[in-house]
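Undergrad: See model-v3.cif below, with mmCIF, C-alpha atoms.
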data_protein
loop_
_atom_site.label_atom_id
_atom_site.label_comp_id
_atom_site.auth_asym_id
_atom_site.auth_seq_id
_atom_site.Cartn_x
_atom_site.Cartn_y
_atom_site.Cartn_z
CA MET A 1237 71.32 107.19 81.04
CA GLN A 1238 74.83 107.14 79.66
CA THR A 1239 76.08 108.85 82.83
CA ILE A 1240 74.41 106.33 85.13
CA TYR A 1241 75.80 103.44 83.11
CA ARG A 1242 79.23 105.00 83.33
CA LEU A 1243 78.98 105.55 87.09
CA GLU A 1244 77.94 101.93 87.54
CA TRP A 1245 81.16 100.84 85.88
CA PHE A 1246 83.17 103.38 87.88
CA VAL A 1247 81.89 102.23 91.28
CA GLY A 1248 81.82 98.57 90.24
CA LEU A 1249 85.43 98.53 89.05
CA ILE A 1250 86.70 100.33 92.16
CA LEU A 1251 84.90 97.95 94.51
CA LEU A 1252 86.11 94.97 92.49
CA GLN A 1253 89.66 96.30 92.67
CA VAL A 1254 89.79 97.09 96.40
CA LEU A 1255 87.76 94.14 97.66
CA VAL A 1256 88.96 91.36 95.39
CA PHE A 1257 91.90 92.07 93.12
CA ASN A 1258 94.06 94.04 95.60
CA HIS A 1259 94.30 90.84 97.61
CA ILE A 1260 95.50 88.69 94.72
CA HIS A 1261 99.26 88.24 94.62
CA LEU A 1262 100.09 85.39 92.28
CA GLY A 1263 103.48 84.02 93.30
CA GLU A 1264 104.00 87.10 95.52
CA TYR A 1265 104.32 89.20 92.37
CA ALA A 1266 101.40 89.65 90.03
CA THR A 1267 98.40 91.77 91.03
CA PRO A 1268 95.78 92.57 88.38
CA PHE A 1269 94.71 96.21 88.19
CA VAL A 1270 91.23 95.96 86.74
CA TYR A 1271 90.21 99.53 87.49
CA ILE A 1272 92.20 100.91 84.56
CA TYR A 1273 89.66 99.26 82.26
CA TYR A 1274 87.46 102.28 82.92
CA LEU A 1275 90.11 104.55 81.41
CA LEU A 1276 90.88 102.21 78.52
CA ALA A 1277 87.21 101.91 77.54
CA LEU A 1278 86.37 105.62 77.39
CA GLU A 1279 85.44 106.78 73.87
CA ALA A 1280 88.36 107.32 71.53
CA ASP A 1281 87.73 111.06 71.12
CA THR A 1282 87.46 111.82 74.85
CA SER A 1283 89.45 114.99 75.49
CA ARG A 1284 92.77 114.65 77.24
CA VAL A 1285 91.70 116.94 80.07
CA LYS A 1286 88.71 114.73 80.75
CA LEU A 1287 90.88 111.61 80.64
CA LEU A 1288 93.35 113.08 83.10
CA LEU A 1289 90.62 114.11 85.55
CA TRP A 1290 88.95 110.68 85.36
CA GLY A 1291 92.30 108.98 85.81
CA PHE A 1292 93.17 111.01 88.88
CA THR A 1293 89.75 110.51 90.49
CA LEU A 1294 89.84 106.79 89.81
CA GLY A 1295 93.33 106.36 91.24
CA MET A 1296 92.50 108.49 94.26
CA CYS A 1297 89.45 106.36 95.10
CA VAL A 1298 91.50 103.16 94.92
CA ASP A 1299 94.19 104.83 97.06
CA ILE A 1300 91.82 105.85 99.81
CA PHE A 1301 90.73 102.26 100.23
CA GLY A 1302 94.22 100.85 99.88
CA ASN A 1303 96.03 103.15 102.34
CA THR A 1304 98.34 104.31 99.58
CA PRO A 1305 97.44 107.97 98.99
CA GLY A 1306 98.94 109.29 95.77
CA MET A 1307 100.35 106.04 94.42
CA ASN A 1308 97.52 104.83 92.21
CA ALA A 1309 96.44 108.41 91.52
CA SER A 1310 99.84 109.21 90.08
CA ALA A 1311 100.05 105.99 88.04
CA ALA A 1312 96.51 106.37 86.66
CA THR A 1313 97.17 110.01 85.70
CA MET A 1314 100.29 108.88 83.86
CA LEU A 1315 98.23 106.25 82.04
CA ALA A 1316 95.57 108.81 81.16
CA LEU A 1317 98.21 110.98 79.53
CA ALA A 1318 99.68 108.07 77.59
CA ARG A 1319 96.35 106.63 76.43
CA THR A 1320 95.59 108.93 73.50
CA PRO A 1321 98.91 108.44 71.66
CA LEU A 1322 98.89 104.70 72.41
CA LEU A 1323 95.37 104.32 71.07
CA ARG A 1324 96.16 106.39 67.98
CA SER A 1325 99.20 104.29 67.15
CA GLN A 1326 97.02 101.15 67.14
CA THR A 1327 94.22 102.38 64.90
CA MET A 1328 94.07 103.43 61.23
CA ARG A 1329 93.96 107.14 60.53
CA ASP A 1330 90.80 106.77 58.54
CA SER A 1331 88.86 104.56 60.92
CA SER A 1332 85.61 105.92 62.29
CA ASP A 1333 86.27 108.92 64.47
CA ASN A 1334 84.46 107.95 67.62
CA PHE A 1335 84.38 104.42 68.95
CA VAL A 1336 84.67 102.63 72.25
CA PRO A 1337 87.96 100.73 72.26
CA SER A 1338 87.10 97.03 72.31
CA ILE A 1339 87.93 93.82 70.50
CA ARG A 1340 84.93 94.28 68.22
CA ALA A 1341 85.84 97.83 67.23
CA MET A 1342 89.59 97.31 66.86
CA GLY A 1343 90.28 93.63 66.20
CA VAL A 1344 92.08 91.27 68.54
CA THR A 1345 95.72 92.11 67.81
CA PRO A 1346 95.46 95.93 67.94
CA PHE A 1347 93.37 95.66 71.11
CA LEU A 1348 95.95 93.33 72.63
CA ARG A 1349 98.79 95.72 71.77
CA TYR A 1350 96.75 98.66 73.08
CA THR A 1351 95.92 97.05 76.45
CA LEU A 1352 99.43 95.59 76.78
CA SER A 1353 101.13 98.95 76.29
CA CYS A 1354 98.68 100.77 78.57
CA ALA A 1355 98.91 98.18 81.33
CA PHE A 1356 102.70 98.28 81.09
CA VAL A 1357 102.84 102.07 81.45
CA HIS A 1358 100.53 101.87 84.46
CA SER A 1359 102.24 99.07 86.35
CA LEU A 1360 105.75 100.36 85.63
CA THR A 1361 104.80 103.78 87.05
CA LEU A 1362 103.14 102.15 90.03
CA GLN A 1363 106.12 99.92 90.81
CA LEU A 1364 108.60 102.76 90.41
CA ILE A 1365 106.65 104.88 92.88
CA ASP A 1366 106.31 101.96 95.25
CA ALA A 1367 110.02 101.18 95.07
CA PHE A 1368 111.10 104.67 96.10
CA SER A 1369 112.26 103.45 99.46
CA LEU A 1370 113.29 99.92 98.54
CA PHE A 1371 115.18 99.82 95.29
CA ARG A 1372 115.67 96.33 93.95
CA LEU A 1373 115.60 96.18 90.19
CA VAL A 1374 114.93 92.53 89.34
CA PRO A 1375 111.88 92.06 91.59
CA LEU A 1376 110.63 95.41 90.33
CA LEU A 1377 110.71 94.22 86.71
CA GLN A 1378 109.26 90.83 87.65
CA ARG A 1379 106.38 92.56 89.36
CA THR A 1380 105.82 94.93 86.45
CA VAL A 1381 105.69 92.10 83.93
CA GLY A 1382 103.48 89.95 86.19
CA ASP A 1383 101.06 92.81 86.83
CA THR A 1384 100.91 93.69 83.14
CA LEU A 1385 100.13 90.18 81.94
CA LEU A 1386 97.49 89.56 84.57
CA THR A 1387 95.91 92.97 83.94
CA VAL A 1388 95.70 92.33 80.19
CA LEU A 1389 94.00 89.01 80.87
CA CYS A 1390 91.42 90.82 83.02
CA MET A 1391 90.94 93.50 80.33
CA PHE A 1392 89.97 90.79 77.84
CA CYS A 1393 87.54 89.22 80.32
CA LEU A 1394 85.94 92.60 81.03
CA ASP A 1395 85.67 93.25 77.32
CA PHE A 1396 83.71 90.02 76.88
CA ILE A 1397 81.44 90.92 79.79
CA ARG A 1398 80.77 94.35 78.36
CA ARG A 1399 79.95 92.91 74.93
CA LYS A 1400 77.38 90.55 76.44
CA ARG A 1401 75.38 93.43 77.93
CA MET B 1223 102.81 136.78 74.33
CA HIS B 1224 100.09 135.75 71.93
CA ASN B 1225 102.08 132.74 70.87
CA LEU B 1226 102.67 131.77 74.44
CA LEU B 1227 98.94 131.92 75.18
CA ASN B 1228 98.22 129.81 72.11
CA PHE B 1229 100.80 127.33 73.18
CA LEU B 1230 99.33 127.11 76.67
CA LEU B 1231 95.81 126.67 75.30
CA LYS B 1232 96.87 123.97 72.88
CA TYR B 1233 98.84 121.99 75.42
CA ASN B 1234 96.73 122.75 78.48
CA TYR B 1235 96.50 119.05 79.24
CA TRP B 1236 100.21 118.94 79.98
CA LEU B 1237 99.69 121.64 82.57
CA LEU B 1238 96.83 119.67 84.09
CA PHE B 1239 98.99 116.54 84.04
CA VAL B 1240 101.76 118.25 85.95
CA VAL B 1241 99.31 119.69 88.49
CA LEU B 1242 97.68 116.29 89.10
CA GLN B 1243 101.06 114.57 89.45
CA VAL B 1244 102.20 117.19 91.94
CA ILE B 1245 99.04 116.62 93.99
CA SER B 1246 99.54 112.84 93.87
CA LEU B 1247 103.17 113.00 94.87
CA THR B 1248 102.47 115.49 97.64
CA LEU B 1249 99.87 113.10 99.03
CA LEU B 1250 102.30 110.23 98.60
CA PHE B 1251 105.09 111.86 100.55
CA ARG B 1252 102.95 113.50 103.20
CA PHE B 1253 100.47 110.81 104.08
CA ASN B 1254 102.40 107.64 103.44
CA SER B 1255 104.79 108.75 106.13
CA TYR B 1256 104.50 107.87 109.79
CA GLN B 1257 102.26 110.83 110.50
CA GLY B 1258 99.63 109.60 108.04
CA SER B 1259 96.29 111.30 108.15
CA VAL B 1260 93.42 109.21 109.38
CA PHE B 1261 91.20 110.68 106.70
CA PHE B 1262 93.22 109.42 103.77
CA SER B 1263 93.70 105.96 105.19
CA SER B 1264 91.34 103.08 105.70
CA ALA B 1265 90.64 104.37 109.21
CA ASN B 1266 88.20 106.84 107.67
CA TYR B 1267 84.55 106.10 108.18
CA VAL B 1268 83.35 105.26 104.66
CA SER B 1269 86.09 102.83 103.76
CA GLY B 1270 85.87 101.42 107.28
CA VAL B 1271 82.21 100.58 106.78
CA VAL B 1272 82.81 99.05 103.34
CA TYR B 1273 85.69 96.96 104.63
CA SER B 1274 83.82 95.71 107.68
CA CYS B 1275 80.90 94.64 105.44
CA ALA B 1276 83.32 92.78 103.21
CA ALA B 1277 85.13 91.26 106.19
CA ASN B 1278 81.77 90.07 107.52
CA ILE B 1279 81.41 87.99 104.39
CA THR B 1280 84.98 86.87 103.73
CA GLY B 1281 85.46 86.03 107.42
CA TYR B 1282 83.44 82.89 106.87
CA PHE B 1283 85.74 81.50 104.22
CA GLY B 1284 88.63 80.87 106.58
CA LEU B 1285 86.56 79.56 109.50
CA ARG B 1286 87.48 75.94 109.01
CA SER B 1287 91.22 76.46 109.18
CA VAL B 1288 90.93 79.12 111.90
CA ASN B 1289 88.89 76.66 113.91
CA ARG B 1290 91.48 73.94 113.46
CA ASP B 1291 94.22 76.28 114.67
CA LEU B 1292 92.16 77.28 117.69
CA VAL B 1293 91.40 73.73 118.66
CA GLN B 1294 95.06 72.82 118.31
CA ARG B 1295 96.09 75.80 120.42
CA ASN B 1296 93.38 75.03 122.95
CA VAL B 1297 94.60 71.48 123.38
CA GLU B 1298 98.16 72.67 123.89
CA LEU B 1299 97.05 75.21 126.46
CA GLU B 1300 94.87 72.73 128.29
CA MET B 1301 97.79 70.35 128.58
CA LEU B 1302 99.95 73.19 129.81
CA VAL B 1303 97.39 74.24 132.40
CA GLU B 1304 97.10 70.66 133.53
CA GLN B 1305 100.86 70.34 134.02
CA MET B 1306 101.17 73.71 135.69
CA SER B 1307 98.35 73.21 138.13
CA LYS B 1308 99.76 69.83 139.07
CA ARG B 1309 103.13 71.36 139.73
CA LEU B 1310 101.63 74.26 141.66
CA ALA B 1311 99.58 71.95 143.80
CA HIS B 1312 102.72 69.96 144.47
CA TYR B 1313 104.79 72.95 145.52
CA THR B 1314 102.31 74.85 147.62
CA ALA B 1315 99.62 73.80 149.97
CA ASP B 1316 98.35 77.35 150.42
CA THR B 1317 95.86 77.56 147.56
CA VAL B 1318 94.35 80.88 148.59
CA ASP B 1319 97.69 82.56 148.10
CA ILE B 1320 98.14 81.12 144.60
CA SER B 1321 94.76 82.12 143.26
CA ARG B 1322 95.38 85.65 144.49
CA LEU B 1323 98.72 85.63 142.70
CA GLN B 1324 97.12 84.53 139.41
CA ARG B 1325 94.51 87.24 139.64
CA GLU B 1326 97.17 89.85 140.16
CA VAL B 1327 99.09 88.76 137.06
CA LEU B 1328 95.99 89.11 134.89
CA ASP B 1329 95.06 92.42 136.51
CA GLU B 1330 98.03 94.08 134.89
CA TYR B 1331 96.68 93.56 131.39
CA VAL B 1332 93.36 94.34 129.73
CA ILE B 1333 92.53 92.38 126.57
CA TYR B 1334 90.19 93.65 123.87
CA PRO B 1335 89.02 91.35 121.05
CA ALA B 1336 89.02 92.88 117.54
CA THR B 1337 88.46 91.77 113.96
CA VAL B 1338 90.75 92.50 111.03
CA VAL B 1339 88.92 94.38 108.29
CA ASN B 1340 91.85 95.13 105.99
CA ASN B 1341 95.33 93.72 105.70
CA SER B 1342 98.29 93.80 103.34
CA ILE B 1343 101.45 91.69 103.24
CA THR B 1344 103.20 92.52 99.98
CA ARG B 1345 104.31 96.12 100.38
CA SER B 1346 107.44 97.13 102.24
CA GLU B 1347 105.28 98.95 104.78
CA ASN B 1348 102.24 96.91 105.70
CA TYR B 1349 99.36 98.06 107.86
CA ILE B 1350 96.33 96.23 109.25
CA THR B 1351 92.97 97.89 109.91
CA LEU B 1352 90.89 96.74 112.91
CA ASP B 1353 87.20 97.36 113.59
CA ARG B 1354 87.78 98.71 117.12
CA GLY B 1355 88.83 102.25 117.99
CA THR B 1356 89.25 104.75 120.79
CA SER B 1357 85.60 104.40 121.82
CA ASP B 1358 86.32 100.74 122.62
CA GLY B 1359 89.38 101.65 124.66
CA ILE B 1360 92.03 101.16 121.98
CA ARG B 1361 94.96 103.60 122.15
CA PRO B 1362 98.06 103.94 120.00
CA ASP B 1363 101.08 101.85 121.13
CA MET B 1364 99.05 98.92 122.43
CA GLY B 1365 100.22 95.47 121.37
CA VAL B 1366 98.22 93.26 119.00
CA ILE B 1367 98.42 89.45 119.06
CA CYS B 1368 96.50 86.57 117.52
CA GLY B 1369 96.05 82.96 118.62
CA ASN B 1370 99.45 81.95 117.24
CA GLY B 1371 101.66 84.90 118.09
CA VAL B 1372 102.55 88.55 117.73
CA VAL B 1373 100.82 90.65 115.04
CA GLY B 1374 101.95 94.25 115.55
CA ILE B 1375 101.43 97.49 117.42
CA ILE B 1376 98.49 99.92 117.24
CA TYR B 1377 99.70 102.89 115.30
CA LYS B 1378 96.70 105.14 114.94
CA ALA B 1379 93.14 104.95 116.21
CA SER B 1380 89.98 106.82 115.24
CA ALA B 1381 86.67 106.52 117.09
CA HIS B 1382 85.65 103.15 115.63
CA TYR B 1383 88.64 101.88 113.67
CA SER B 1384 92.34 101.59 114.22
CA VAL B 1385 95.42 100.98 112.08
CA VAL B 1386 98.07 98.50 113.23
CA LEU B 1387 101.74 98.78 112.34
CA SER B 1388 102.18 95.16 111.28
CA ALA B 1389 105.28 93.22 112.33
CA LEU B 1390 105.70 92.95 108.55
CA ASN B 1391 106.64 96.62 108.27
CA ALA B 1392 110.11 98.00 107.68
CA ARG B 1393 109.41 100.47 110.50
CA SER B 1394 108.31 97.91 113.02
CA ASN B 1395 110.75 97.04 115.80
CA ILE B 1396 109.71 94.61 118.53
CA SER B 1397 111.89 93.66 121.47
CA CYS B 1398 112.28 89.86 121.70
CA LYS B 1399 114.39 87.13 123.25
CA ILE B 1400 115.31 83.48 122.89
CA LYS B 1401 112.90 81.64 125.15
CA ARG B 1402 115.36 78.99 126.31
CA THR B 1403 118.35 81.16 127.16
CA ASP B 1404 116.85 84.65 127.67
CA TYR B 1405 119.30 86.47 125.36
CA PHE B 1406 117.45 89.35 123.76
CA GLY B 1407 117.49 91.24 120.44
CA SER B 1408 115.00 93.13 118.34
CA LEU B 1409 112.70 91.84 115.64
CA PHE B 1410 112.56 93.62 112.30
CA TRP B 1411 111.42 92.93 108.74
CA ASN B 1412 112.85 94.23 105.50
CA GLY B 1413 110.46 93.16 102.80
CA GLY B 1414 110.42 89.81 101.05
CA SER B 1415 108.54 86.78 102.27
CA PRO B 1416 105.74 87.42 104.81
CA LYS B 1417 106.63 84.12 106.51
CA TYR B 1418 110.04 85.23 107.78
CA ALA B 1419 111.45 88.12 109.83
CA PHE B 1420 114.85 88.84 111.35
CA VAL B 1421 116.26 89.36 114.84
CA LYS B 1422 119.20 91.76 115.02
CA ASP B 1423 121.59 92.77 117.82
CA MET B 1424 121.86 89.24 119.17
CA PRO B 1425 125.17 89.31 121.15
CA ARG B 1426 128.15 87.25 119.93
CA HIS B 1427 128.37 85.27 123.15
CA SER B 1428 124.67 84.40 123.22
CA ALA B 1429 123.68 80.77 123.24
CA PHE B 1430 120.97 79.53 120.91
CA SER B 1431 120.41 76.83 118.37
CA LEU B 1432 118.34 76.49 115.22
CA GLY B 1433 114.77 75.60 116.14
CA ASP B 1434 114.75 77.64 119.37
CA THR B 1435 111.56 79.57 120.05
CA VAL B 1436 111.67 83.37 119.98
CA VAL B 1437 109.24 85.20 122.30
CA THR B 1438 108.60 88.83 123.28
CA SER B 1439 110.98 90.05 125.97
CA GLY B 1440 108.62 92.15 128.05
CA HIS B 1441 111.24 94.92 128.21
CA SER B 1442 108.88 97.41 126.62
CA SER B 1443 105.44 98.04 128.00
CA VAL B 1444 103.77 97.06 124.71
CA PHE B 1445 103.81 93.28 125.00
CA PRO B 1446 103.90 91.15 128.14
CA GLU B 1447 106.79 88.72 128.38
CA GLY B 1448 106.61 85.39 126.59
CA ILE B 1449 104.22 85.96 123.69
CA PRO B 1450 105.45 83.56 120.97
CA ILE B 1451 106.92 85.10 117.78
CA GLY B 1452 108.54 82.27 115.81
CA VAL B 1453 111.36 79.74 115.62
CA VAL B 1454 114.99 80.37 114.63
CA ASP B 1455 115.38 79.15 111.07
CA ASP B 1456 118.81 80.37 110.05
CA MET B 1457 121.63 82.54 111.37
CA SER B 1458 124.30 84.84 109.94
CA ASP B 1459 126.69 87.60 111.05
CA SER B 1460 125.49 91.18 111.11
CA HIS B 1461 127.13 93.64 108.71
CA ASP B 1462 129.49 95.03 111.33
CA GLY B 1463 130.33 91.54 112.62
CA LEU B 1464 129.57 92.52 116.21
CA SER B 1465 126.40 90.53 116.60
CA TYR B 1466 124.34 87.73 115.09
CA ARG B 1467 121.39 88.16 112.79
CA LEU B 1468 118.77 85.42 113.07
CA LYS B 1469 116.19 84.50 110.48
CA VAL B 1470 112.92 83.68 112.24
CA LYS B 1471 110.04 81.68 110.83
CA LEU B 1472 106.97 83.49 112.15
CA PHE B 1473 104.15 81.61 113.90
CA THR B 1474 101.55 84.14 112.77
CA ASP B 1475 100.15 83.56 109.28
CA PHE B 1476 99.68 87.21 108.27
CA ALA B 1477 97.92 86.26 105.06
CA ARG B 1478 95.08 84.70 107.03
CA LEU B 1479 94.58 87.04 109.98
CA ASN B 1480 91.01 87.37 111.15
CA ASP B 1481 90.46 87.56 114.90
CA VAL B 1482 93.08 89.35 116.97
CA ARG B 1483 93.46 90.57 120.57
CA VAL B 1484 94.65 94.01 121.59
CA ILE B 1485 96.64 94.00 124.84
CA ALA B 1486 96.72 97.06 127.07
CA SER B 1487 98.99 97.03 130.06
CA SER B 1488 97.94 99.21 132.97
CA GLY B 1489 101.52 100.13 133.81
CA MET B 1490 102.12 101.38 130.27
CA GLU B 1491 101.68 105.11 130.82
CA GLU B 1492 103.70 105.12 134.00
CA LEU B 1493 106.61 103.29 132.37
CA ASP B 1494 106.51 105.57 129.33
CA ARG B 1495 106.53 108.66 131.52
CA LEU B 1496 109.49 107.32 133.46
CA GLU B 1497 111.50 106.56 130.32
CA GLU B 1498 110.60 109.91 128.82
CA SER B 1499 111.88 111.75 131.89
CA ILE B 1500 115.21 109.92 131.55
CA GLY B 1501 115.36 110.95 127.89
CA MET B 1502 114.83 114.59 128.87
CA ALA B 1503 117.50 114.46 131.55
CA ASP B 1504 119.99 113.26 128.94
#
Rewrite the structure of this file - the entire thing - as structure tokens.
TA:
Amino acid sequence: MQTIYRLEWFVGLILLQVLVFNHIHLGEYATPFVYIYYLLALEADTSRVKLLLWGFTLGMCVDIFGNTPGMNASAATMLALARTPLLRSQTMRDSSDNFVPSIRAMGVTPFLRYTLSCAFVHSLTLQLIDAFSLFRLVPLLQRTVGDTLLTVLCMFCLDFIRRKR
Amino acid sequence: MHNLLNFLLKYNYWLLFVVLQVISLTLLFRFNSYQGSVFFSSANYVSGVVYSCAANITGYFGLRSVNRDLVQRNVELEMLVEQMSKRLAHYTADTVDISRLQREVLDEYVIYPATVVNNSITRSENYITLDRGTSDGIRPDMGVICGNGVVGIIYKASAHYSVVLSALNARSNISCKIKRTDYFGSLFWNGGSPKYAFVKDMPRHSAFSLGDTVVTSGHSSVFPEGIPIGVVDDMSDSHDGLSYRLKVKLFTDFARLNDVRVIASSGMEELDRLEESIGMAD
């Protein structure tokens, strides 16, 4: 049951990303990357190996649809590596061992800091990879900041949706 | 040795991380290049099907504005036809000859309709996916246009889908000329706004003015002569100072592409073979 529920989110987020959010470019800069919510919302004690494999698969699926093989895969793998330390730094040592990161489990501010840092790592990696051939620093940073803010907004929306269910 | 094994076991996720990154970057550098694999792009069957389903739905959203554009274009063309046929009738009495001439002009080109199923405009290398492929007669290096102007060149085709090298791609290079004075240059794009592109190699002595229309030159076999591209919006010197560099406002709205036409010229292979043989002789 848990697996099916998880797969629903996996497929749902990828379709949402490639069909809707990949085509959003607010002011030519900001694109929300909703698919990373899947990584952010895995249980806190998920092993790093598992996180990395999920991250890679997720990124690869988005890449295949977006004609960008390797780009999202690389960025999502980077995020998967960074998630555990980022999550740990936002929660108390003595909080319950296993929880699903959400506003309810963490509180608004820690959750905000957690999603903000994760989204930043992801979009910075993505933009750096994208800019390999076209290095212009200011637009790169503008895009990173735009992507991050919009992604965090989407993370909060998704968190509300998940709580409702 | 024991310590090393312990270390590897404890930090095995780093190893995995490195392996996954290497795979990603290998894919990035191999398949994002010109020789991209059809499998890892949206020309593959599964993503093609998903995208054409989605395009079936989203295609309706833009119908109103697409329709308006078409009507506008239709009216212009009708007026043009009216003027032209009047002039033709005035100049020649031999109508049989003229209608034969018109047929011959159209005979040179075959036009296939296609629908855009995926499109991007924000990367430095943009590609467009179409729902027609080799089984419909599409081959690489055919030109793609829409109602307003030039779109790009077919870059890769699978059985049922094809990928277009958009004019909004740093690698795209389309031969063009000023419609009024016939001076020619080549159209390129270097990122930035999807509404503008540049014409380089415009000779110093060429005559043009801001607001002139830029059309395809017909020098290559890809596009016939006179397909509209855009209007000259601004001009500057090229880096070496030997030629002008024109900023062109494109007619095609790449953010709203839906129905396009693929143009195949029957003389294409012959011309290519001829030019290739010259290249070899050099």
Undergrad: Hey, can you pull every residue with an atom no more than 10 Å from (98.8, 105.6, 86.4), using all atoms listed in the file, and send it as a ChimeraX atom specification?
TA: /A:1272,1288,1291-1292,1294-1295,1307-1318,1354-1362 /B:1243
Undergrad: When you count all atoms listed in the file, which of these residues is closest to chain B: A:Tyr1241, A:Phe1301, A:Phe1246, A:Tyr1274?
TA: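 Ranking A:Tyr1241, A:Phe1301, A:Phe1246, A:Tyr1274 by distance to chain B, first place goes to A:Phe1301.
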Undergrad: When you look at Val1336 of chain A with a cut-off of 8 Å (counting all atoms listed in the file), what residues show up, excluding the ones that are within fewer than 4 positions of it in the same chain? I need them as a compact mmCIF listing (two decimals) with C-alpha atoms, in the coordinates of the input.
TA:
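See part_14.txt below for the written result:
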# COMPACT_ATOMS: atom_id res chain seq x y z
CA ALA A 1277 87.21 101.91 77.54
CA LEU A 1278 86.37 105.62 77.39
CA GLU A 1279 85.44 106.78 73.87
CA ALA A 1280 88.36 107.32 71.53
CA ALA A 1341 85.84 97.83 67.23
Undergrad: Run the PyMOL selection byres ((chain B and resi 1442-1453) around 10) against the file shown and list the residues it catches, as a count of residues only.
TA: 59
Undergrad: Of the candidates A:Thr1293, A:Ser1283, A:Thr1267, A:Thr1239, which one gets nearest to Asp1383 of chain A if we count all atoms listed in the file?
TA: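 Nearest candidate to Asp1383 of chain A out of A:Thr1293, A:Ser1283, A:Thr1267, A:Thr1239: A:Thr1267.
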Undergrad: Under the rule that all atoms listed in the file are counted, which of B:Ile1343, B:Leu1310, B:Leu1302, B:Leu1387 is the nearest residue to chain A?
TA: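 Of B:Ile1343, B:Leu1310, B:Leu1302, B:Leu1387, the one nearest chain A is B:Ile1343, counting all atoms listed in the file.
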Undergrad: State, in Å with one decimal place, the distance from atom CA of Leu1249 of chain A to atom CA of Val1298 of chain A.
TA: 9.6 Å
